[in-house]
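Source file: entry_13.txt. Holds: compact mmCIF, C-alpha atoms.
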```txt
# COMPACT_ATOMS: atom_id res chain seq x y z
CA MET A 420 62.87 31.51 82.41
CA THR A 421 63.06 29.06 79.69
CA LEU A 422 60.87 29.66 76.72
CA ALA A 423 59.51 26.52 75.21
CA THR A 424 58.89 26.42 71.55
CA VAL A 425 55.50 24.99 70.82
CA ARG A 426 55.26 23.42 67.43
CA PRO A 427 51.85 24.01 65.90
CA ALA A 428 49.83 20.87 65.52
CA ARG A 429 49.06 19.72 62.05
CA LEU A 430 45.49 18.81 61.27
CA CYS A 431 45.24 16.18 58.61
CA LEU A 432 41.94 15.69 56.86
CA LEU A 433 41.51 12.44 55.03
CA TRP A 434 38.78 11.72 52.47
CA ALA A 435 37.83 8.13 52.14
CA THR A 436 35.66 6.95 49.26
CA VAL A 437 33.70 3.81 49.94
CA THR A 438 31.98 2.09 47.05
CA ALA A 439 29.21 -0.29 47.88
CA SER A 440 28.72 -3.08 45.42
CA ALA A 441 24.98 -3.09 44.93
CA PRO A 442 23.64 -6.34 43.52
CA VAL A 443 22.63 -6.09 39.86
CA LEU A 444 19.42 -7.91 39.20
CA ALA A 445 19.36 -9.79 35.92
CA CYS A 446 16.43 -8.99 33.67
CA THR A 447 14.19 -11.73 32.44
CA ALA A 448 11.60 -11.69 29.69
CA VAL A 449 7.94 -11.92 30.65
CA ASN A 450 5.14 -12.53 28.19
CA ALA A 451 7.87 -13.07 25.66
CA MET A 452 5.71 -14.98 23.27
CA GLN A 453 5.45 -13.72 19.72
CA HIS A 454 3.17 -10.69 19.81
CA GLU A 455 1.44 -9.72 16.61
CA LEU A 456 1.00 -6.22 15.26
CA TRP A 457 -1.63 -6.86 12.60
CA GLY A 458 -3.85 -4.62 10.59
CA ASP A 459 -6.15 -4.58 7.58
CA ARG A 460 -5.97 -0.86 7.12
CA GLY A 461 -8.05 1.28 4.80
CA ILE A 462 -6.42 4.63 4.08
CA ALA A 463 -7.23 7.66 1.93
CA GLN A 464 -5.83 8.45 -1.49
CA GLU A 465 -3.80 11.49 -0.45
CA SER A 466 -1.81 13.07 -3.29
CA THR A 467 0.29 15.39 -1.09
CA ALA A 468 3.51 13.75 0.08
CA ASP A 469 4.33 12.87 3.70
CA VAL A 470 0.85 13.31 5.16
CA LEU A 471 0.04 11.08 8.15
CA LEU A 472 -2.51 8.51 6.98
CA ASP A 473 -2.69 6.06 9.87
CA GLY A 474 -1.02 5.26 13.14
CA PRO A 475 0.87 4.89 15.20
CA LEU A 476 -0.34 1.29 15.26
CA SER A 477 0.86 -0.94 18.07
CA ALA A 478 0.38 -4.48 19.29
CA PRO A 479 -2.63 -5.03 21.61
CA THR A 480 -0.38 -6.59 24.26
CA VAL A 481 3.11 -5.63 25.41
CA SER A 482 5.99 -7.92 26.27
CA ARG A 483 8.37 -6.76 28.95
CA PHE A 484 11.72 -7.22 30.61
CA THR A 485 11.24 -7.62 34.34
CA GLY A 486 13.33 -8.29 37.45
CA CYS A 487 15.78 -5.58 36.40
CA SER A 488 17.52 -3.17 38.73
CA PRO A 489 15.13 -0.35 39.64
CA GLY A 490 15.89 2.93 37.91
CA ALA A 491 18.49 1.29 35.69
CA ARG A 492 19.25 2.12 32.08
CA ILE A 493 19.28 -1.12 30.16
CA PRO A 494 20.99 -1.37 26.77
CA VAL A 495 18.70 -3.19 24.37
CA LEU A 496 19.57 -4.46 20.89
CA ILE A 497 16.90 -4.12 18.20
CA ARG A 498 17.05 -6.48 15.23
CA PRO A 499 14.41 -5.81 12.55
CA SER A 500 13.63 -8.23 9.73
CA MET A 501 11.39 -6.57 7.14
CA PRO A 502 11.93 -8.21 3.74
CA GLY A 503 10.53 -6.42 0.73
CA LEU A 504 10.79 -2.89 2.13
CA THR A 505 13.03 -0.29 0.48
CA TYR A 506 14.18 2.96 2.07
CA ILE A 507 12.71 5.99 0.27
CA ARG A 508 13.30 9.13 2.36
CA ASP A 509 13.07 10.61 5.84
CA VAL A 510 9.69 12.05 6.85
CA PHE A 511 9.38 14.76 9.52
CA TRP A 512 6.55 13.96 11.91
CA SER A 513 5.77 14.73 15.55
CA GLY A 514 9.02 16.67 15.98
CA GLN A 515 11.33 13.95 14.63
CA TRP A 516 12.67 12.60 11.35
CA TYR A 517 11.50 9.08 10.59
CA PRO A 518 13.14 6.79 8.00
CA ALA A 519 10.27 5.84 5.67
CA TYR A 520 10.09 2.70 3.53
CA ALA A 521 7.91 1.41 0.71
CA PHE A 522 6.78 -1.90 -0.72
CA SER A 523 6.70 -0.74 -4.34
CA ALA A 524 7.24 2.33 -6.50
CA SER A 525 3.73 3.61 -5.71
CA SER A 526 2.83 2.12 -2.34
CA PRO A 527 2.28 4.24 0.81
CA LEU A 528 5.28 4.94 3.03
CA ILE A 529 5.69 3.05 6.29
CA ALA A 530 7.80 4.08 9.27
CA PHE A 531 8.59 2.35 12.56
CA ARG A 532 9.21 3.61 16.07
CA VAL A 533 10.00 2.24 19.51
CA LEU A 534 8.25 3.64 22.56
CA ARG A 535 10.35 3.03 25.65
CA LEU A 536 8.12 2.35 28.63
CA PRO A 537 7.72 3.36 31.37
CA SER A 538 7.81 6.95 30.14
CA ALA A 539 7.89 8.76 33.49
CA GLY A 540 11.00 10.58 32.31
CA GLY A 541 9.23 11.86 29.21
CA ASN A 542 10.95 9.43 26.88
CA GLN A 543 10.38 10.29 23.24
CA PRO A 544 9.64 7.51 20.80
CA VAL A 545 12.74 6.39 18.94
CA PRO A 546 12.51 6.36 15.11
CA LEU A 547 13.62 2.93 13.99
CA ARG A 548 15.69 1.98 10.97
CA ILE A 549 14.57 -1.44 9.81
CA ASP A 550 17.47 -2.05 7.44
CA GLN A 551 20.02 -2.38 10.23
CA SER A 552 20.38 -3.42 13.87
CA THR A 553 20.42 -0.62 16.44
CA GLU A 554 20.88 -0.17 20.17
CA THR A 555 18.80 1.93 22.54
CA MET A 556 18.58 2.49 26.28
CA ILE A 557 15.42 1.63 28.20
CA GLU A 558 14.89 2.81 31.75
CA THR A 559 13.26 0.52 34.28
CA GLY A 560 10.41 1.74 36.44
CA PHE A 561 9.53 1.20 40.06
CA GLY A 562 8.44 -2.35 39.35
CA ARG A 563 11.83 -3.14 37.84
CA VAL A 564 10.07 -3.43 34.47
CA ALA A 565 11.10 -2.24 30.99
CA GLU A 566 8.65 -2.41 28.09
CA PRO A 567 9.77 -1.63 24.54
CA MET A 568 6.66 -1.07 22.43
CA LEU A 569 6.82 -1.27 18.63
CA GLY A 570 4.73 1.15 16.57
CA VAL A 571 3.99 1.56 12.85
CA VAL A 572 3.05 4.79 11.06
CA LEU A 573 1.75 5.19 7.50
CA PHE A 574 2.42 8.27 5.35
CA SER A 575 1.31 9.35 1.88
CA ARG A 576 3.75 8.70 -0.94
CA GLY A 577 2.93 11.71 -3.09
CA GLY A 578 0.71 11.11 -6.12
CA VAL A 579 -1.58 8.15 -6.70
CA MET A 580 -0.81 5.19 -4.43
CA THR A 581 -1.45 1.48 -4.89
CA GLU A 582 -2.54 -1.12 -2.39
CA VAL A 583 -0.32 -3.46 -0.42
CA PRO A 584 -2.00 -6.88 -0.47
CA ALA A 585 0.07 -8.43 2.32
CA PHE A 586 3.29 -7.80 4.21
CA GLY A 587 5.06 -9.60 7.02
CA GLY A 588 8.13 -9.02 9.16
CA SER A 589 9.41 -9.04 12.72
CA VAL A 590 11.40 -7.00 15.26
CA GLU A 591 13.40 -8.62 18.06
CA PHE A 592 14.43 -6.86 21.28
CA SER A 593 17.21 -8.51 23.30
CA LEU A 594 19.42 -7.48 26.21
CA ARG A 595 22.83 -6.46 24.95
CA ASP A 596 24.50 -8.12 27.93
CA ASN A 597 22.36 -11.25 27.72
CA PRO A 598 21.10 -11.80 24.15
CA ALA A 599 19.24 -14.96 25.20
CA VAL A 600 16.67 -12.74 26.95
CA MET A 601 14.56 -11.64 24.00
CA LEU A 602 11.17 -10.25 23.07
CA ARG A 603 9.75 -10.59 19.56
CA TYR A 604 7.03 -8.72 17.71
CA THR A 605 5.66 -9.80 14.36
CA VAL A 606 4.19 -7.30 11.90
CA GLU A 607 1.48 -8.20 9.40
CA LEU A 608 -0.15 -5.46 7.37
CA LYS A 609 -2.60 -5.21 4.52
CA ILE A 610 -3.16 -1.71 3.18
CA ARG A 611 -6.32 -0.95 1.22
CA LEU A 612 -6.93 2.20 -0.82
CA PRO A 613 -10.10 3.48 -2.50
CA HIS A 614 -10.10 2.83 -6.20
CA LEU A 615 -10.08 6.04 -8.19
CA PRO A 616 -12.46 6.24 -11.14
CA CYS A 617 -11.60 5.23 -14.67
CA THR A 618 -12.88 7.05 -17.75
CA ALA A 619 -13.35 5.88 -21.34
CA SER A 620 -12.82 8.06 -24.38
CA ASP A 621 -15.20 8.10 -27.34
CA ALA A 622 -14.01 6.05 -30.29
CA ALA A 623 -15.14 6.34 -33.91
CA LEU A 624 -14.22 4.32 -36.97
CA VAL A 625 -15.12 4.78 -40.64
CA LEU A 626 -15.07 1.51 -42.55
CA ASP A 627 -14.11 1.30 -46.20
CA PRO A 628 -17.13 0.93 -48.49
CA ALA A 629 -18.30 -2.69 -48.80
CA GLN A 630 -18.81 -4.36 -52.16
CA ALA A 631 -22.09 -6.12 -52.82
CA VAL A 632 -20.20 -9.12 -54.20
CA ASP A 633 -18.63 -9.65 -50.78
CA LEU A 634 -22.05 -9.70 -49.11
CA SER A 635 -23.87 -11.94 -51.56
CA THR A 636 -25.28 -14.40 -49.02
CA PRO A 637 -26.81 -13.99 -45.54
CA GLY A 638 -24.14 -14.24 -42.83
CA ALA A 639 -21.32 -13.12 -45.13
CA THR A 640 -18.91 -10.62 -43.57
CA THR A 641 -16.39 -8.18 -44.94
CA GLY A 642 -14.35 -5.10 -44.13
CA THR A 643 -13.24 -6.17 -40.63
CA ARG A 644 -11.24 -3.44 -38.90
CA PRO A 645 -9.85 -3.04 -35.35
CA LEU A 646 -11.54 -0.55 -33.06
CA GLU A 647 -9.90 0.44 -29.76
CA VAL A 648 -11.46 2.26 -26.82
CA VAL A 649 -8.98 4.10 -24.59
CA VAL A 650 -9.58 3.73 -20.85
CA ASN A 651 -7.73 6.02 -18.46
CA CYS A 652 -7.44 4.92 -14.80
CA ARG A 653 -5.97 7.08 -12.03
CA SER A 654 -4.91 4.08 -9.94
CA ALA A 655 -3.67 0.59 -10.64
CA GLY A 656 -5.20 -2.59 -9.34
CA THR A 657 -8.82 -1.60 -9.94
CA PRO A 658 -10.97 -4.58 -10.99
CA LEU A 659 -12.60 -3.56 -14.26
CA ASN A 660 -15.90 -4.99 -15.49
CA LEU A 661 -17.13 -3.92 -18.93
CA THR A 662 -20.55 -3.90 -20.55
CA VAL A 663 -21.47 -2.98 -24.12
CA ALA A 664 -24.99 -1.87 -25.03
CA ASP A 665 -26.59 -0.95 -28.34
CA ILE A 666 -27.80 2.64 -28.14
CA HIS A 667 -30.62 2.19 -30.63
CA GLY A 668 -32.25 -0.98 -29.40
CA ASP A 669 -31.79 -4.72 -29.69
CA SER A 670 -31.31 -6.40 -33.03
CA GLY A 671 -31.74 -9.83 -31.46
CA GLU A 672 -28.43 -10.96 -32.93
CA PRO A 673 -25.11 -11.01 -31.01
CA GLY A 674 -22.92 -8.05 -31.90
CA GLN A 675 -25.24 -6.65 -34.59
CA LEU A 676 -25.96 -2.96 -34.13
CA VAL A 677 -29.38 -1.55 -34.93
CA PRO A 678 -28.89 1.03 -37.73
CA THR A 679 -29.40 4.68 -36.78
CA THR A 680 -32.50 6.42 -38.12
CA ASP A 681 -30.45 8.28 -40.74
CA SER A 682 -29.03 5.05 -42.18
CA VAL A 683 -30.04 4.23 -45.76
CA ALA A 684 -28.47 0.82 -46.42
CA ARG A 685 -30.62 -2.30 -45.92
CA GLY A 686 -29.82 -5.96 -45.75
CA VAL A 687 -26.54 -5.25 -44.00
CA ARG A 688 -25.53 -4.30 -40.47
CA LEU A 689 -22.44 -3.41 -38.52
CA ARG A 690 -21.30 -6.14 -36.14
CA LEU A 691 -19.08 -5.58 -33.08
CA LEU A 692 -16.58 -8.28 -32.09
CA ARG A 693 -14.45 -8.92 -29.02
CA ASP A 694 -11.64 -11.47 -29.17
CA GLY A 695 -12.94 -12.52 -32.58
CA ALA A 696 -16.44 -13.36 -31.33
CA PRO A 697 -19.63 -11.26 -31.55
CA VAL A 698 -20.20 -9.10 -28.47
CA ARG A 699 -23.13 -10.11 -26.29
CA PHE A 700 -24.87 -6.86 -25.52
CA ALA A 701 -25.79 -6.05 -21.90
CA SER A 702 -23.59 -8.93 -20.74
CA ARG A 703 -20.83 -7.89 -18.34
CA TRP A 704 -17.37 -9.42 -18.50
CA ARG A 705 -14.19 -9.09 -16.44
CA HIS A 706 -11.48 -7.14 -18.13
CA GLY A 707 -8.96 -7.68 -15.31
CA LEU A 708 -7.10 -5.24 -13.09
CA SER A 709 -6.43 -1.74 -14.30
CA ALA A 710 -3.01 -0.19 -14.78
CA ALA A 711 -2.43 3.41 -13.76
CA GLY A 712 -2.79 5.56 -16.86
CA ARG A 713 -4.02 4.83 -20.35
CA GLN A 714 -4.88 1.33 -21.53
CA ARG A 715 -6.72 0.07 -24.55
CA VAL A 716 -9.78 -2.14 -24.81
CA PRO A 717 -9.70 -3.82 -28.23
CA PHE A 718 -12.74 -4.54 -30.39
CA GLU A 719 -13.36 -5.21 -34.07
CA ILE A 720 -16.11 -3.97 -36.36
CA GLN A 721 -17.30 -5.51 -39.63
CA TYR A 722 -20.16 -5.64 -42.12
CA ILE A 723 -22.50 -8.61 -41.98
CA ARG A 724 -25.24 -9.52 -44.46
CA THR A 725 -28.74 -10.13 -43.08
CA ASP A 726 -31.72 -11.97 -44.62
CA ALA A 727 -33.29 -8.77 -45.99
CA ALA A 728 -32.80 -7.55 -49.54
CA LEU A 729 -29.55 -5.67 -50.05
CA VAL A 730 -29.94 -1.92 -50.57
CA PRO A 731 -26.77 0.17 -50.90
CA GLY A 732 -26.27 3.42 -49.00
CA TYR A 733 -25.03 5.05 -45.81
CA LEU A 734 -24.93 2.87 -42.67
CA ARG A 735 -24.20 3.84 -39.08
CA GLY A 736 -24.39 2.07 -35.69
CA GLU A 737 -23.65 3.22 -32.14
CA ALA A 738 -22.87 1.47 -28.86
CA THR A 739 -21.89 2.45 -25.34
CA LEU A 740 -19.16 0.93 -23.18
CA THR A 741 -19.83 1.05 -19.46
CA LEU A 742 -17.00 0.69 -16.92
CA ASP A 743 -17.76 -0.84 -13.57
CA HIS A 744 -14.77 -0.58 -11.24
CA ARG A 745 -15.29 -1.96 -7.73
```
Written form, structure tokens:
Amino acid sequence: MTLATVRPARLCLLWATVTASAPVLACTAVNAMQHELWGDRGIAQESTADVLLDGPLSAPTVSRFTGCSPGARIPVLIRPSMPGLTYIRDVFWSGQWYPAYAFSASSPLIAFRVLRLPSAGGNQPVPLRIDQSTETMIETGFGRVAEPMLGVVLFSRGGVMTEVPAFGGSVEFSLRDNPAVMLRYTVELKIRLPHLPCTASDAALVLDPAQAVDLSTPGATTGTRPLEVVVNCRSAGTPLNLTVADIHGDSGEPGQLVPTTDSVARGVRLRLLRDGAPVRFASRWRHGLSAAGRQRVPFEIQYIRTDAALVPGYLRGEATLTLDHR
């Protein structure tokens, strides 16, 4: 009997990897006109730093990239252009740190963010640096659409803030792989703040005694001295209107104060001047815009001879200065 040797069969398993080349749909821009994010915003005078004052503000319409591959992650370049803004500090808000910028040394802080739509995956907004170009990924939804939405947030500066009369800038979103496909948002903001009150300090001045020889004829003046009223304003940019009134009545003559009841002198009065001319009592004038802090409102005071007989003695006059800041 012949024994046959049976060689065991070898089982070879082969793995084959087949890669299908799926067509990549090129994105196009839809509604890619210049969308405006505009606001005339009135905010509170908040002295604590980094408090949310307004926002997030966003444009009323959204531009989009469409025709993209469904479920794709699209690299998008973001190019901000925000002249006049200076980086101040990062502000922690809504679980993230936001670079915050300012228009001036006392203006509110402004921060920017990009909301990547659709947000089915729970996409967080992306804090945006506006002093450099950045890149982010945007996922497309079932409709092969990607919508980057620009938002603006306002924070308190810390201390007294001043208004921002006007500001303009833009943010462009373009496909990294096809920069010609681009969306553009413009930003225009005006930030208004309530004007904090101004106060005026009492001012007193003692003139040197007048000599009768210097007041020999009606209308003669002597002893002119400067008199300054200190006004303290908590915020700058407040339009100030001023009014002076004679406490003790109306002499009928511009700038001439009615003597107090304890005055002894006759034939002479105290006259109040502004810019070298007699003050017109109860007549309001524009002083201009306030500066934050102390400022001076200059007047002058002098003796003036009247038509009555001259009697020497003590003479006193009083006036009030009213501030109207609106």
A:Leu742: which residues within 7 Å, counting all atoms listed in the file, same-chain residues fewer than 6 positions away excluded, as number ranges by chain?
A: 659-662
Expected answer as a list in words: all residues with atoms within 6 Å of (11.7, -6.2, 28.3), only C-alpha atoms
Ala448, Arg483, Phe484, Ala565 and Glu566 of chain A
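What separates atom CA of A:Pro658 from atom CA of A:Ser702 is a distance of 16.5 Å.
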Within 8 Å of A:Ser525, counting only C-alpha atoms, which residues show up once you throw out same-chain ones fewer than 5 positions away? Write them as an MDAnalysis selection string, please.
chainID A and resid 576 579:581
Residues at most 6 Å from stretch 615-626 of chain A, counting all atoms listed in the file, excluding those fewer than 4 positions away in the same chain, as a short mmCIF file (atom, residue, chain, number, x, y, z; two decimals) with C-alpha atoms, in the frame of the given file?
```cif
data_model
loop_
_atom_site.label_atom_id
_atom_site.label_comp_id
_atom_site.auth_asym_id
_atom_site.auth_seq_id
_atom_site.Cartn_x
_atom_site.Cartn_y
_atom_site.Cartn_z
CA VAL A 648 -11.46 2.26 -26.82
CA VAL A 649 -8.98 4.10 -24.59
CA VAL A 650 -9.58 3.73 -20.85
CA ASN A 651 -7.73 6.02 -18.46
CA CYS A 652 -7.44 4.92 -14.80
CA ARG A 653 -5.97 7.08 -12.03
CA SER A 654 -4.91 4.08 -9.94
#
```
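Among A:Val663, A:Ile610, A:Phe718, A:Val687, the residue with the shortest atom-to-atom distance to A:Trp704, counting only C-alpha atoms, is A:Val663.
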One decimal place gives the atom CA of A:Phe511-atom CA of A:Leu569 separation as 18.6 Å
When you count only C-alpha atoms, which of these residues is closest to A:Pro673: A:Gly638, A:Gly514, A:Pro697, A:Gly686?
A:Pro697
Per residue of stretch 551-639 of chain A within 9 Å of stretch 494-506 of chain A, record the nearest atom pair and its distance in Å to one decimal, counting all atoms listed in the file, with rows in chain order and ascending residue number, as CSV.
```
residue,atom,partner,partner_atom,distance
A:Gln551,CA,A:Pro499,CA,7.0
A:Ser552,CA,A:Arg498,CA,4.7
A:Thr553,CA,A:Ile497,CA,5.3
A:Glu554,CA,A:Leu496,CA,4.5
A:Thr555,CA,A:Val495,CA,5.4
A:Met556,CA,A:Pro494,CA,4.6
A:Ile557,CA,A:Pro494,CA,6.5
A:Glu558,CA,A:Pro494,CA,8.9
A:Phe586,CA,A:Gly503,CA,8.2
A:Gly587,CA,A:Met501,CA,7.0
A:Gly588,CA,A:Met501,CA,4.6
A:Ser589,CA,A:Ser500,CA,5.2
A:Val590,CA,A:Pro499,CA,4.2
A:Glu591,CA,A:Arg498,CA,5.1
A:Phe592,CA,A:Ile497,CA,4.8
A:Ser593,CA,A:Leu496,CA,5.3
A:Leu594,CA,A:Val495,CA,4.7
A:Arg595,CA,A:Val495,CA,5.3
A:Asp596,CA,A:Pro494,CA,7.7
A:Pro598,CA,A:Leu496,CA,8.2
A:Val606,CA,A:Met501,CA,8.7
```
Separation of atom CA of A:Arg703 from atom CA of A:Thr739, in Å and rounded to one decimal:
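Rounded to one decimal, the two atoms are 12.5 Å apart.
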Distance query A:Ala684 at most 6 Å, all atoms listed in the file, self and fewer than 4 positions along chain excluded, as a VMD selection string
chain A and resid 730 to 734
Pull the neighbourhood of (-6.0, 9.3, -3.1) for me: all residues within 8 Å in file coordinates, counting all atoms listed in the file, as a ChimeraX atom specification.
/A:463-466,578-580,612-613,615
For a quick check of understanding, using only C-alpha atoms, which of A:Gly577, A:Gly707, A:Pro475, A:Gly656 has the smallest distance to A:Arg532?
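Counting only C-alpha atoms, the residue closest to A:Arg532 is A:Pro475.
Using only C-alpha atoms, the shortest contact distance between A:Met601 and any of A:Pro678, A:Pro567, A:Gly712, A:Pro584 is found at A:Pro567.
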If you keep N, CA and C atoms, can you output stretch 696-712 of chain A as a CSV table (one decimal), in the first residue's frame?
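Output (result_29.csv):
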```
chain,number,residue,atom,x,y,z
A,696,ALA,N,-18.5,141.2,27.1
A,696,ALA,CA,-19.7,141.9,26.9
A,696,ALA,C,-20.7,141.6,28.1
A,697,PRO,N,-21.5,142.5,28.5
A,697,PRO,CA,-22.5,142.3,29.6
A,697,PRO,C,-23.3,141.1,29.3
A,698,VAL,N,-23.5,140.3,30.4
A,698,VAL,CA,-24.3,139.1,30.3
A,698,VAL,C,-25.8,139.5,30.1
A,699,ARG,N,-26.5,138.8,29.3
A,699,ARG,CA,-27.9,139.0,29.1
A,699,ARG,C,-28.6,137.9,30.0
A,700,PHE,N,-29.2,138.4,31.1
A,700,PHE,CA,-29.8,137.5,32.0
A,700,PHE,C,-31.0,136.8,31.4
A,701,ALA,N,-31.2,135.5,31.8
A,701,ALA,CA,-32.3,134.6,31.4
A,701,ALA,C,-32.2,134.3,29.9
A,702,SER,N,-31.1,134.6,29.3
A,702,SER,CA,-30.9,134.2,27.9
A,702,SER,C,-29.9,133.1,27.8
A,703,ARG,N,-30.3,132.0,27.2
A,703,ARG,CA,-29.5,130.8,27.2
A,703,ARG,C,-28.5,130.9,26.0
A,704,TRP,N,-27.3,130.4,26.2
A,704,TRP,CA,-26.3,130.3,25.1
A,704,TRP,C,-25.6,128.9,25.1
A,705,ARG,N,-25.1,128.6,24.0
A,705,ARG,CA,-24.4,127.3,23.8
A,705,ARG,C,-23.0,127.4,24.2
A,706,HIS,N,-22.6,126.6,25.2
A,706,HIS,CA,-21.2,126.6,25.6
A,706,HIS,C,-20.4,125.6,24.8
A,707,GLY,N,-21.0,124.7,24.1
A,707,GLY,CA,-20.3,123.6,23.4
A,707,GLY,C,-20.4,122.3,24.1
A,708,LEU,N,-19.5,121.4,23.6
A,708,LEU,CA,-19.6,120.0,24.2
A,708,LEU,C,-18.7,119.9,25.4
A,709,SER,N,-19.2,119.2,26.4
A,709,SER,CA,-18.4,119.0,27.6
A,709,SER,C,-17.2,118.1,27.4
A,710,ALA,N,-16.2,118.2,28.3
A,710,ALA,CA,-15.1,117.3,28.4
A,710,ALA,C,-15.3,116.5,29.7
A,711,ALA,N,-14.9,115.3,29.8
A,711,ALA,CA,-15.0,114.5,31.0
A,711,ALA,C,-14.1,115.1,32.1
A,712,GLY,N,-14.7,115.5,33.2
A,712,GLY,CA,-13.9,116.1,34.3
A,712,GLY,C,-14.2,117.5,34.4
```
